[in-house]
>>> print(open('protein24.cif').read())   # mmCIF, C-alpha atoms
data_final
#
loop_
_atom_site.label_atom_id
_atom_site.label_comp_id
_atom_site.auth_asym_id
_atom_site.auth_seq_id
_atom_site.Cartn_x
_atom_site.Cartn_y
_atom_site.Cartn_z
CA MET H 15 -22.11 -3.17 33.95
CA ARG H 16 -18.58 -1.94 34.43
CA ALA H 17 -15.36 -1.64 32.43
CA VAL H 18 -11.79 -2.50 33.24
CA ILE H 19 -8.72 -1.26 31.40
CA PRO H 20 -5.34 -2.90 32.06
CA TYR H 21 -2.75 -0.13 31.89
CA LYS H 22 1.01 -0.04 31.75
CA LYS H 23 2.83 3.20 31.12
CA GLN H 24 6.42 2.52 32.07
CA ASN H 25 8.51 1.73 29.02
CA ALA H 26 5.32 0.82 27.17
CA LYS H 27 5.10 0.22 23.44
CA SER H 28 8.77 -0.51 22.80
CA ARG H 29 7.93 -1.50 19.22
CA LEU H 30 7.13 2.17 18.58
CA SER H 31 10.69 3.12 19.54
CA PRO H 32 11.82 3.57 15.90
CA VAL H 33 9.52 6.59 15.70
CA LEU H 34 8.88 7.74 19.29
CA SER H 35 11.28 8.29 22.20
CA LEU H 36 10.61 6.72 25.61
CA GLU H 37 9.15 9.97 26.90
CA GLU H 38 6.98 10.39 23.81
CA ARG H 39 5.75 6.81 24.05
CA GLU H 40 4.77 7.23 27.68
CA HIS H 41 2.94 10.43 26.82
CA PHE H 42 1.19 8.81 23.85
CA VAL H 43 0.14 5.81 25.94
CA GLU H 44 -1.54 8.20 28.35
CA LEU H 45 -3.35 9.97 25.50
CA MET H 46 -4.63 6.63 24.19
CA LEU H 47 -5.88 5.77 27.69
CA ARG H 48 -7.72 9.09 27.82
CA ASP H 49 -9.43 8.38 24.49
CA VAL H 50 -10.51 4.91 25.63
CA VAL H 51 -11.87 6.27 28.94
CA LYS H 52 -13.72 9.06 27.13
CA SER H 53 -15.42 6.65 24.72
CA LEU H 54 -16.51 4.45 27.63
CA GLN H 55 -17.87 7.49 29.49
CA ASP H 56 -19.63 8.82 26.38
CA ALA H 57 -21.25 5.40 26.01
CA GLY H 58 -22.70 5.84 29.50
CA ILE H 59 -20.36 3.52 31.41
CA LYS H 60 -20.06 5.01 34.89
CA LYS H 61 -17.91 2.40 36.63
CA ILE H 62 -14.48 2.32 35.04
CA ASP H 63 -11.61 0.51 36.72
CA ILE H 64 -8.00 0.88 35.68
CA LEU H 65 -5.89 -2.09 36.58
CA THR H 66 -2.25 -1.10 36.97
CA THR H 67 0.79 -1.35 39.21
CA PRO H 68 1.81 1.21 41.84
CA SER H 69 4.72 2.36 39.67
CA ASN H 70 2.52 3.19 36.64
CA GLY H 71 0.97 6.60 37.11
CA VAL H 72 -2.65 7.03 36.07
CA PRO H 73 -3.53 10.69 35.47
CA HIS H 74 -5.31 12.13 38.52
CA ASP H 75 -7.95 14.04 36.59
CA LEU H 76 -9.57 10.88 35.16
CA ASP H 77 -12.85 9.95 36.82
CA VAL H 78 -11.97 6.27 37.29
CA ASN H 79 -11.20 3.76 40.05
CA ILE H 80 -7.62 2.66 40.22
CA ILE H 81 -6.86 -0.91 41.20
CA PHE H 82 -3.27 -1.86 41.89
CA SER H 83 -1.98 -5.33 41.26
CA GLU H 84 1.52 -6.73 41.11
CA TYR H 85 0.36 -9.87 39.28
CA ASP H 86 0.82 -10.42 35.56
CA LEU H 87 -2.03 -9.52 33.20
CA ASN H 88 -3.85 -12.86 33.32
CA GLU H 89 -3.60 -13.33 37.07
CA ALA H 90 -4.57 -9.71 37.74
CA ILE H 91 -7.68 -9.85 35.53
CA ASN H 92 -8.74 -13.27 36.78
CA GLU H 93 -8.47 -12.05 40.35
CA TYR H 94 -10.50 -8.97 39.34
CA LEU H 95 -13.19 -11.15 37.71
CA GLU H 96 -13.68 -12.93 41.04
CA THR H 97 -14.52 -9.64 42.73
CA VAL H 98 -17.08 -8.28 40.25
CA HIS H 99 -20.61 -9.58 40.14
CA GLU H 100 -21.97 -7.83 37.08
CA PRO H 101 -21.25 -7.78 33.32
CA VAL H 102 -17.78 -6.44 32.61
CA ILE H 103 -16.06 -5.18 29.49
CA ILE H 104 -12.30 -5.67 29.42
CA ILE H 105 -10.74 -3.25 26.99
CA MET H 106 -7.08 -2.65 26.25
CA ALA H 107 -5.64 0.84 26.69
CA ASP H 108 -4.05 0.86 23.23
CA LEU H 109 -7.32 1.01 21.30
CA PRO H 110 -7.73 4.75 20.80
CA MET H 111 -10.00 4.23 17.78
CA VAL H 112 -12.80 2.83 19.94
CA THR H 113 -15.97 4.91 19.71
CA PRO H 114 -18.95 5.16 22.08
CA GLU H 115 -20.99 3.38 19.36
CA HIS H 116 -18.71 0.34 19.55
CA ILE H 117 -19.24 0.16 23.32
CA VAL H 118 -23.01 0.51 23.04
CA ASP H 119 -23.12 -2.12 20.26
CA ILE H 120 -21.04 -4.56 22.27
CA SER H 121 -23.04 -4.05 25.44
CA ASN H 122 -26.21 -4.88 23.48
CA VAL H 123 -24.94 -8.25 22.22
CA ALA H 124 -27.25 -11.08 23.31
CA GLU H 125 -24.60 -13.76 23.81
CA ASP H 126 -22.81 -14.41 27.12
CA VAL H 127 -19.31 -13.56 25.90
CA THR H 128 -18.34 -11.13 23.15
CA ILE H 129 -14.83 -11.44 21.77
CA VAL H 130 -13.32 -8.71 19.64
CA PRO H 131 -10.33 -10.20 17.83
CA GLY H 132 -7.13 -8.27 17.37
CA LYS H 133 -4.66 -8.82 14.55
CA GLY H 134 -2.51 -11.93 14.76
CA GLY H 135 -4.76 -13.99 17.01
CA GLY H 136 -5.12 -11.47 19.82
CA THR H 137 -8.12 -10.43 21.87
CA ASN H 138 -8.67 -6.69 22.06
CA VAL H 139 -12.00 -6.45 23.86
CA LEU H 140 -13.95 -8.97 25.90
CA PHE H 141 -17.47 -8.44 27.16
CA ILE H 142 -18.30 -10.98 29.83
CA LYS H 143 -21.82 -11.14 31.18
CA ASN H 144 -21.11 -13.73 33.85
CA PRO H 145 -17.65 -13.04 35.27
CA ASP H 146 -17.91 -16.08 37.56
CA LYS H 147 -18.15 -18.25 34.43
CA PHE H 148 -15.08 -17.04 32.56
CA ARG H 149 -11.38 -16.57 32.97
CA VAL H 150 -8.89 -14.87 30.66
CA LYS H 151 -5.80 -16.22 28.99
CA TYR H 152 -4.05 -13.43 27.11
CA TYR H 153 -0.87 -13.66 25.05
CA GLY H 154 -0.24 -15.94 22.07
CA SER H 155 -3.40 -17.10 20.37
CA SER H 156 -5.66 -15.55 22.98
CA PHE H 157 -8.55 -15.37 20.53
CA LEU H 158 -8.64 -19.17 20.32
CA ASN H 159 -8.01 -19.46 24.07
CA HIS H 160 -11.02 -17.28 24.82
CA CYS H 161 -13.26 -19.14 22.38
CA ASN H 162 -12.24 -22.42 24.03
CA ILE H 163 -12.70 -21.11 27.58
CA ALA H 164 -16.19 -19.82 26.76
CA LYS H 165 -17.11 -23.22 25.30
CA GLU H 166 -15.73 -25.08 28.33
CA MET H 167 -17.72 -22.79 30.60
CA GLN H 168 -20.84 -23.29 28.42
CA GLN H 169 -21.08 -19.62 27.63
CA SER H 170 -22.47 -18.56 24.25
CA ILE H 171 -20.06 -16.56 22.06
CA HIS H 172 -20.36 -13.61 19.73
CA ILE H 173 -17.40 -12.55 17.58
CA TYR H 174 -17.54 -8.80 17.04
CA ASP H 175 -15.99 -7.80 13.74
CA SER H 176 -14.34 -4.37 13.80
CA PHE H 177 -11.30 -3.04 11.96
CA LEU H 178 -10.98 -0.12 14.38
CA LEU H 179 -11.03 -2.41 17.41
CA SER H 180 -8.77 -5.02 15.80
CA THR H 181 -6.07 -2.37 15.50
CA ASP H 182 -4.13 -2.13 18.74
CA ILE H 183 -1.38 0.42 18.36
CA ASP H 184 1.90 -1.47 18.59
CA GLU H 185 3.99 -0.63 15.55
CA PRO H 186 4.73 2.47 13.48
CA HIS H 187 2.38 1.43 10.66
CA ASP H 188 -0.48 1.27 13.18
CA LEU H 189 -0.09 5.01 13.69
CA VAL H 190 -1.19 5.51 10.08
CA GLU H 191 -4.54 4.01 11.02
CA VAL H 192 -4.89 6.46 13.93
CA MET H 193 -4.25 9.35 11.52
CA LEU H 194 -6.76 8.07 8.99
CA HIS H 195 -9.48 6.59 11.19
CA GLY H 196 -8.87 7.79 14.75
CA HIS H 197 -10.19 10.71 16.78
CA GLY H 198 -9.49 12.55 20.01
CA ALA H 199 -6.18 13.27 21.73
CA SER H 200 -4.22 10.38 20.22
CA ARG H 201 -5.16 11.32 16.65
CA GLU H 202 -4.25 14.94 17.31
CA TYR H 203 -0.85 13.88 18.66
CA VAL H 204 -0.04 11.60 15.74
CA THR H 205 -1.26 14.10 13.16
CA GLU H 206 0.91 16.86 14.60
CA LYS H 207 3.96 14.64 14.80
CA PHE H 208 3.93 12.73 11.54
CA ASP H 209 3.05 13.00 7.92
CA VAL H 210 2.14 10.17 5.60
CA LYS H 211 3.73 9.10 2.38
CA THR H 212 1.45 7.72 -0.28
CA GLY H 213 2.60 5.65 -3.19
CA LYS H 214 1.08 2.73 -5.03
CA ALA H 215 1.19 0.44 -1.97
CA ARG H 216 -0.03 0.96 1.60
CA VAL H 217 0.35 4.40 3.11
CA LYS H 218 3.55 4.80 5.13
CA LEU H 219 4.49 7.01 8.05
CA CYS H 220 7.15 9.64 7.59
CA MET H 221 8.64 12.11 10.01
CA MET F 238 -27.85 -4.34 -7.76
CA ARG F 239 -24.76 -6.04 -9.12
CA ALA F 240 -21.21 -6.81 -8.04
CA VAL F 241 -17.90 -6.47 -9.78
CA ILE F 242 -14.65 -8.16 -8.81
CA PRO F 243 -11.38 -7.00 -10.36
CA TYR F 244 -9.26 -10.13 -10.83
CA LYS F 245 -5.64 -10.74 -11.68
CA LYS F 246 -4.21 -14.23 -11.49
CA GLN F 247 -0.94 -14.06 -13.38
CA ASN F 248 1.97 -13.62 -11.01
CA ALA F 249 -0.44 -12.30 -8.41
CA LYS F 250 0.42 -11.73 -4.75
CA SER F 251 4.18 -11.54 -5.14
CA ARG F 252 4.48 -10.52 -1.47
CA LEU F 253 3.36 -14.06 -0.57
CA SER F 254 6.37 -15.48 -2.43
CA PRO F 255 8.35 -16.15 0.79
CA VAL F 256 5.78 -18.83 1.66
CA LEU F 257 4.05 -19.80 -1.62
CA SER F 258 5.49 -20.62 -5.06
CA LEU F 259 4.18 -18.91 -8.19
CA GLU F 260 1.98 -21.90 -8.97
CA GLU F 261 0.67 -22.06 -5.41
CA ARG F 262 -0.07 -18.34 -5.39
CA GLU F 263 -2.01 -18.54 -8.63
CA HIS F 264 -3.99 -21.47 -7.24
CA PHE F 265 -4.64 -19.69 -3.94
CA VAL F 266 -5.77 -16.52 -5.73
CA GLU F 267 -8.36 -18.60 -7.57
CA LEU F 268 -9.58 -20.14 -4.31
CA MET F 269 -9.97 -16.69 -2.77
CA LEU F 270 -11.96 -15.59 -5.83
CA ARG F 271 -14.23 -18.61 -5.41
CA ASP F 272 -14.88 -17.72 -1.75
CA VAL F 273 -15.73 -14.12 -2.64
CA VAL F 274 -18.08 -15.21 -5.44
CA LYS F 275 -19.78 -17.74 -3.16
CA SER F 276 -20.41 -15.16 -0.43
CA LEU F 277 -21.91 -12.77 -2.98
CA GLN F 278 -24.13 -15.54 -4.36
CA ASP F 279 -25.17 -16.67 -0.87
CA ALA F 280 -26.14 -13.07 -0.15
CA GLY F 281 -28.49 -13.24 -3.13
CA ILE F 282 -26.46 -11.23 -5.64
CA LYS F 283 -27.29 -12.68 -9.04
CA LYS F 284 -25.33 -10.37 -11.35
CA ILE F 285 -21.62 -10.81 -10.72
CA ASP F 286 -19.07 -9.40 -13.14
CA ILE F 287 -15.41 -10.29 -13.08
CA LEU F 288 -13.20 -7.64 -14.57
CA THR F 289 -9.99 -9.14 -15.88
CA THR F 290 -7.64 -9.28 -18.84
CA PRO F 291 -7.73 -11.91 -21.60
CA SER F 292 -4.54 -13.49 -20.26
CA ASN F 293 -5.95 -14.05 -16.75
CA GLY F 294 -8.03 -17.21 -16.72
CA VAL F 295 -11.26 -17.14 -14.74
CA PRO F 296 -12.49 -20.65 -13.85
CA HIS F 297 -15.20 -21.76 -16.31
CA ASP F 298 -17.47 -23.30 -13.70
CA LEU F 299 -18.19 -19.98 -11.96
CA ASP F 300 -21.62 -18.56 -12.69
CA VAL F 301 -20.38 -15.04 -13.47
CA ASN F 302 -20.04 -12.61 -16.37
CA ILE F 303 -16.49 -12.02 -17.51
CA ILE F 304 -15.53 -8.59 -18.73
CA PHE F 305 -12.15 -8.15 -20.35
CA SER F 306 -10.26 -4.90 -20.16
CA GLU F 307 -6.68 -4.01 -20.98
CA TYR F 308 -6.86 -0.78 -18.97
CA ASP F 309 -5.36 -0.37 -15.51
CA LEU F 310 -7.57 -0.90 -12.46
CA ASN F 311 -8.86 2.66 -12.17
CA GLU F 312 -9.56 3.16 -15.85
CA ALA F 313 -11.18 -0.26 -16.17
CA ILE F 314 -13.54 0.28 -13.24
CA ASN F 315 -14.39 3.83 -14.20
CA GLU F 316 -15.26 2.65 -17.70
CA TYR F 317 -17.36 -0.11 -16.14
CA LEU F 318 -19.20 2.37 -13.89
CA GLU F 319 -20.28 4.28 -17.01
CA THR F 320 -22.01 1.19 -18.36
CA VAL F 321 -23.99 0.14 -15.27
CA HIS F 322 -27.14 1.92 -14.25
CA GLU F 323 -27.87 0.32 -10.90
CA PRO F 324 -26.19 0.09 -7.46
CA VAL F 325 -22.89 -1.73 -7.68
CA ILE F 326 -20.60 -3.26 -5.10
CA ILE F 327 -16.92 -3.32 -6.04
CA ILE F 328 -15.13 -5.98 -4.05
CA MET F 329 -11.54 -7.11 -4.28
CA ALA F 330 -10.77 -10.76 -5.03
CA ASP F 331 -8.34 -11.07 -2.12
CA LEU F 332 -10.98 -10.79 0.61
CA PRO F 333 -11.77 -14.46 1.27
CA MET F 334 -13.06 -13.67 4.78
CA VAL F 335 -16.09 -11.83 3.40
CA THR F 336 -19.36 -13.45 4.50
CA PRO F 337 -22.86 -13.24 3.03
CA GLU F 338 -23.84 -11.24 6.15
CA HIS F 339 -21.28 -8.55 5.30
CA ILE F 340 -22.75 -8.22 1.81
CA VAL F 341 -26.33 -8.04 3.07
CA ASP F 342 -25.34 -5.47 5.72
CA ILE F 343 -23.52 -3.32 3.20
CA SER F 344 -26.34 -3.48 0.67
CA ASN F 345 -28.73 -2.24 3.39
CA VAL F 346 -26.71 0.89 4.19
CA ALA F 347 -28.80 4.03 3.71
CA GLU F 348 -26.04 6.32 2.46
CA ASP F 349 -25.10 6.77 -1.22
CA VAL F 350 -21.56 5.41 -0.95
CA THR F 351 -20.26 2.81 1.50
CA ILE F 352 -16.49 2.62 1.90
CA VAL F 353 -14.88 -0.36 3.61
CA PRO F 354 -11.34 0.66 4.54
CA GLY F 355 -8.43 -1.71 4.17
CA LYS F 356 -5.27 -1.58 6.23
CA GLY F 357 -2.82 1.21 5.38
CA GLY F 358 -5.27 3.60 3.78
CA GLY F 359 -6.70 1.22 1.22
CA THR F 360 -10.26 0.65 0.04
CA ASN F 361 -11.37 -2.97 0.08
CA VAL F 362 -15.05 -2.71 -0.77
CA LEU F 363 -17.10 0.11 -2.26
CA PHE F 364 -20.87 0.10 -2.55
CA ILE F 365 -22.01 2.80 -4.94
CA LYS F 366 -25.71 3.46 -5.31
CA ASN F 367 -25.36 5.99 -8.13
CA PRO F 368 -22.53 4.84 -10.39
CA ASP F 369 -22.95 7.92 -12.59
CA LYS F 370 -22.04 10.05 -9.56
CA PHE F 371 -18.80 8.37 -8.54
CA ARG F 372 -15.43 7.40 -9.90
CA VAL F 373 -12.70 5.32 -8.30
CA LYS F 374 -9.10 6.20 -7.54
CA TYR F 375 -7.34 3.14 -6.14
CA TYR F 376 -3.71 2.90 -4.99
CA GLY F 377 -2.02 4.99 -2.33
CA SER F 378 -4.42 6.54 0.12
CA SER F 379 -7.48 5.39 -1.78
CA PHE F 380 -9.63 5.57 1.35
CA LEU F 381 -9.12 9.34 1.50
CA ASN F 382 -9.47 9.61 -2.29
CA HIS F 383 -12.83 7.89 -2.18
CA CYS F 384 -14.06 10.00 0.73
CA ASN F 385 -13.09 13.13 -1.19
CA ILE F 386 -14.63 11.98 -4.46
CA ALA F 387 -17.93 11.17 -2.71
CA LYS F 388 -17.95 14.64 -1.13
CA GLU F 389 -17.17 16.34 -4.46
CA MET F 390 -20.00 14.40 -6.07
CA GLN F 391 -22.32 15.31 -3.15
CA GLN F 392 -22.86 11.67 -2.26
CA SER F 393 -23.44 10.77 1.40
CA ILE F 394 -20.84 8.42 2.89
CA HIS F 395 -20.94 5.49 5.28
CA ILE F 396 -17.69 3.99 6.59
CA TYR F 397 -18.21 0.27 7.21
CA ASP F 398 -15.99 -1.00 10.01
CA SER F 399 -14.92 -4.63 9.59
CA PHE F 400 -11.73 -6.40 10.58
CA LEU F 401 -12.46 -9.29 8.23
CA LEU F 402 -13.00 -6.96 5.27
CA SER F 403 -10.04 -4.74 6.17
CA THR F 404 -7.76 -7.74 5.81
CA ASP F 405 -6.81 -8.19 2.18
CA ILE F 406 -4.44 -11.11 1.85
CA ASP F 407 -1.11 -9.70 0.74
CA GLU F 408 1.56 -10.88 3.13
CA PRO F 409 2.39 -14.09 4.99
CA HIS F 410 1.03 -12.80 8.31
CA ASP F 411 -2.34 -12.17 6.64
CA LEU F 412 -2.63 -15.93 6.11
CA VAL F 413 -2.79 -16.33 9.89
CA GLU F 414 -6.04 -14.36 9.85
CA VAL F 415 -7.48 -16.67 7.17
CA MET F 416 -6.65 -19.67 9.37
CA LEU F 417 -8.18 -18.10 12.46
CA HIS F 418 -11.15 -16.20 11.03
CA GLY F 419 -11.69 -17.42 7.47
CA HIS F 420 -13.90 -20.07 5.91
CA GLY F 421 -14.33 -21.93 2.67
CA ALA F 422 -11.75 -23.07 0.14
CA SER F 423 -9.06 -20.53 1.02
CA ARG F 424 -9.15 -21.38 4.71
CA GLU F 425 -8.97 -25.08 3.91
CA TYR F 426 -5.94 -24.51 1.69
CA VAL F 427 -4.06 -22.42 4.26
CA THR F 428 -4.90 -24.76 7.11
CA GLU F 429 -3.60 -27.78 5.20
CA LYS F 430 -0.43 -26.02 4.16
CA PHE F 431 0.66 -24.17 7.27
CA ASP F 432 0.76 -24.38 11.00
CA VAL F 433 0.91 -21.51 13.42
CA LYS F 434 3.43 -20.74 16.09
CA THR F 435 2.13 -19.10 19.23
CA GLY F 436 4.28 -17.26 21.71
CA LYS F 437 3.74 -14.20 23.82
CA ALA F 438 3.37 -11.89 20.81
CA ARG F 439 1.18 -12.16 17.69
CA VAL F 440 0.65 -15.59 16.19
CA LYS F 441 3.12 -16.40 13.39
CA LEU F 442 2.94 -18.65 10.39
CA CYS F 443 5.22 -21.66 10.18
CA MET F 444 5.65 -24.28 7.50
#
>>> encode(input="protein24.cif", output="structure tokens")
Amino acid sequence: MRAVIPYKKQNAKSRLSPVLSLEEREHFVELMLRDVVKSLQDAGIKKIDILTTPSNGVPHDLDVNIIFSEYDLNEAINEYLETVHEPVIIIMADLPMVTPEHIVDISNVAEDVTIVPGKGGGTNVLFIKNPDKFRVKYYGSSFLNHCNIAKEMQQSIHIYDSFLLSTDIDEPHDLVEVMLHGHGASREYVTEKFDVKTGKARVKLCM
Amino acid sequence: MRAVIPYKKQNAKSRLSPVLSLEEREHFVELMLRDVVKSLQDAGIKKIDILTTPSNGVPHDLDVNIIFSEYDLNEAINEYLETVHEPVIIIMADLPMVTPEHIVDISNVAEDVTIVPGKGGGTNVLFIKNPDKFRVKYYGSSFLNHCNIAKEMQQSIHIYDSFLLSTDIDEPHDLVEVMLHGHGASREYVTEKFDVKTGKARVKLCM
């Protein structure tokens, strides 16, 4: 089995711009990538591909394969799926709360396709046992898209229920979750940079 | 083991007021309660207590015990914990996506206290094996409060990671999750009432 992480660094995470500058966001995106790669490695995944464009620098010290593509996310991954002939886990780079245990759990699922939903109808992780019998359709209600594609392709489905994996880090309030439930380099960065404000309602970020 | 559900119907869920009237919110809150009770019952929990105030009507056809308290949430539950002498699961009434499998899983956890985090530092479910060795402190960063209280009381802790249980239904965008991942009466209500709008970003509710 192998893993692939789509990665975009340049001007990434613009919705975090109220609390992080462009430079800080690009640095933070790299820290999140490092945490995702580390959890995959600690789960025993040896073949890790990072799918990116030539203009998006992947740190040189990461023990990963870098695959360049100029296509958009869906085209790039679907082209990738045609080249791999083994089970593949597609995991987003903005999931720094992923743990090795999540990866091991997901890789042990019996069904053909495991879908980890993100908030708002998204898909945060996909584990595809037969890459020739699946294609991706991210954006919009990708969770429903992926359920439908698996059904069309007669692949059995498992929905993996995880708060930590449902939380992709897009908006300032997501950083609170990294502080409370994260680990590694991204948690360290957020904890050093921000404080939290507690009141009667949900915890809020403050600078 | 038994379960307790704190319940407030009157003027509940004011943050849903942009999309639901007072009457609709009170109706929806009751449907969510029904879904939570049903999942507990389907998981084999026979002793279900609903903790409420005399002015908050609990539907008469539910097979539950009703306990009235005029105290605030923390005082009411802590008083309750002094009266029970068996493992107790405290579950919020606004978690209609809970399934019987979640309840069975949680009741099988080996540790003394199971904490199911909600978004923004909240606590959505607590399973307390030794109610005489725990007290609750909801509001604000209750997740951290409950971790600290368990440590002070020398109770071992398990953090239960669930997207469906992390999603308490407070705001309009939470209703999207009920449509996509829910079941039962609350899902039926939301699905009949709303449609969703899909674009490139997260799925949005539309009326």
>>> residues_near_point(input="protein24.cif", point="(-18.6, -10.2, -6.8)", cutoff="10 Å", atoms="all atoms listed in the file", output="PyMOL selection string")
chain F and resi 239-243+270-278+282-288+301-302+325-330+340
>>> closest_residue(input="protein24.cif", among="H:Phe157, H:Tyr203, H:Phe82, H:Tyr94", to="Asn138 (chain H)", atoms="only C-alpha atoms")
H:Phe157
>>> residues_near_point(input="protein24.cif", point="(-12.5, -19.5, 20.4)", cutoff="12 Å", atoms="all atoms listed in the file", output="VMD selection string")
(chain H and resid 127 to 131 135 to 137 140 150 to 151 155 to 167 169 to 173) or (chain F and resid 417 to 418)
>>> residues_around(input="protein24.cif", residues="region 397-399 of chain F", least_positions_apart="4", cutoff="6 Å", atoms="only C-alpha atoms", output="list of chain:residue names")
H:Asp175, H:Ser176, H:Phe177, F:Val353, F:Ser403
>>> closest_residue(input="protein24.cif", among="F:Thr428, F:Asn315, F:Thr336, F:Gln391", to="chain H", atoms="only C-alpha atoms")
F:Thr336
>>> atom_distance(input="protein24.cif", atom1="CA of Tyr375 (chain F)", atom2="CA of His116 (chain H)")
28.2 Å
>>> atom_distance(input="protein24.cif", atom1="CA of Ser423 (chain F)", atom2="CA of Met269 (chain F)")
5.5 Å
>>> resolve_selection(input="protein24.cif", expression="the PyMOL selection byres ((chain H and resi 187) around 10)", output="PyMOL selection string")
(chain H and resi 30+183-186+188-192+216-220) or (chain F and resi 356-357)
>>> residues_around(input="protein24.cif", residues="Glu316 (chain F)", least_positions_apart="6", cutoff="12 Å", atoms="all atoms listed in the file", output="JSON, numbers by chain")
{"F": [288, 304, 305, 306, 307, 308, 309, 310, 368, 369, 371, 372, 373]}
>>> atom_distance(input="protein24.cif", atom1="CA of Leu402 (chain F)", atom2="CA of Met416 (chain F)")
14.8 Å
>>> decode(input="protein24.cif", residues="region 50-61 of chain H", atoms="N, CA, C and O atoms", output="compact mmCIF listing (two decimals), in the first residue's frame")
# COMPACT_ATOMS: atom_id res chain seq x y z
N VAL H 50 1.64 15.26 8.88
CA VAL H 50 0.92 14.21 8.16
C VAL H 50 1.91 13.12 7.69
O VAL H 50 1.67 11.92 7.89
N VAL H 51 3.03 13.56 7.12
CA VAL H 51 4.04 12.59 6.65
C VAL H 51 4.54 11.75 7.83
O VAL H 51 4.66 10.53 7.73
N LYS H 52 4.80 12.39 8.96
CA LYS H 52 5.33 11.66 10.11
C LYS H 52 4.33 10.60 10.60
O LYS H 52 4.72 9.47 10.92
N SER H 53 3.05 10.95 10.64
CA SER H 53 2.06 9.96 11.09
C SER H 53 1.97 8.78 10.12
O SER H 53 1.82 7.63 10.55
N LEU H 54 2.07 9.07 8.83
CA LEU H 54 2.07 7.98 7.84
C LEU H 54 3.30 7.09 8.06
O LEU H 54 3.18 5.85 8.09
N GLN H 55 4.45 7.71 8.23
CA GLN H 55 5.69 6.93 8.43
C GLN H 55 5.61 6.12 9.72
O GLN H 55 5.96 4.94 9.74
N ASP H 56 5.12 6.76 10.79
CA ASP H 56 5.03 6.03 12.07
C ASP H 56 4.02 4.89 12.00
O ASP H 56 4.07 3.96 12.81
N ALA H 57 3.10 4.96 11.05
CA ALA H 57 2.14 3.86 10.85
C ALA H 57 2.75 2.78 9.95
O ALA H 57 2.08 1.78 9.65
N GLY H 58 3.97 2.99 9.51
CA GLY H 58 4.64 1.95 8.71
C GLY H 58 4.49 2.10 7.21
O GLY H 58 4.87 1.20 6.45
N ILE H 59 3.92 3.21 6.76
CA ILE H 59 3.77 3.43 5.32
C ILE H 59 5.13 3.88 4.76
O ILE H 59 5.66 4.92 5.18
N LYS H 60 5.67 3.10 3.84
CA LYS H 60 7.01 3.42 3.33
C LYS H 60 6.96 4.20 2.02
O LYS H 60 7.87 4.97 1.72
N LYS H 61 5.90 4.00 1.25
CA LYS H 61 5.82 4.68 -0.05
C LYS H 61 4.86 5.87 0.05
O LYS H 61 3.64 5.70 0.06
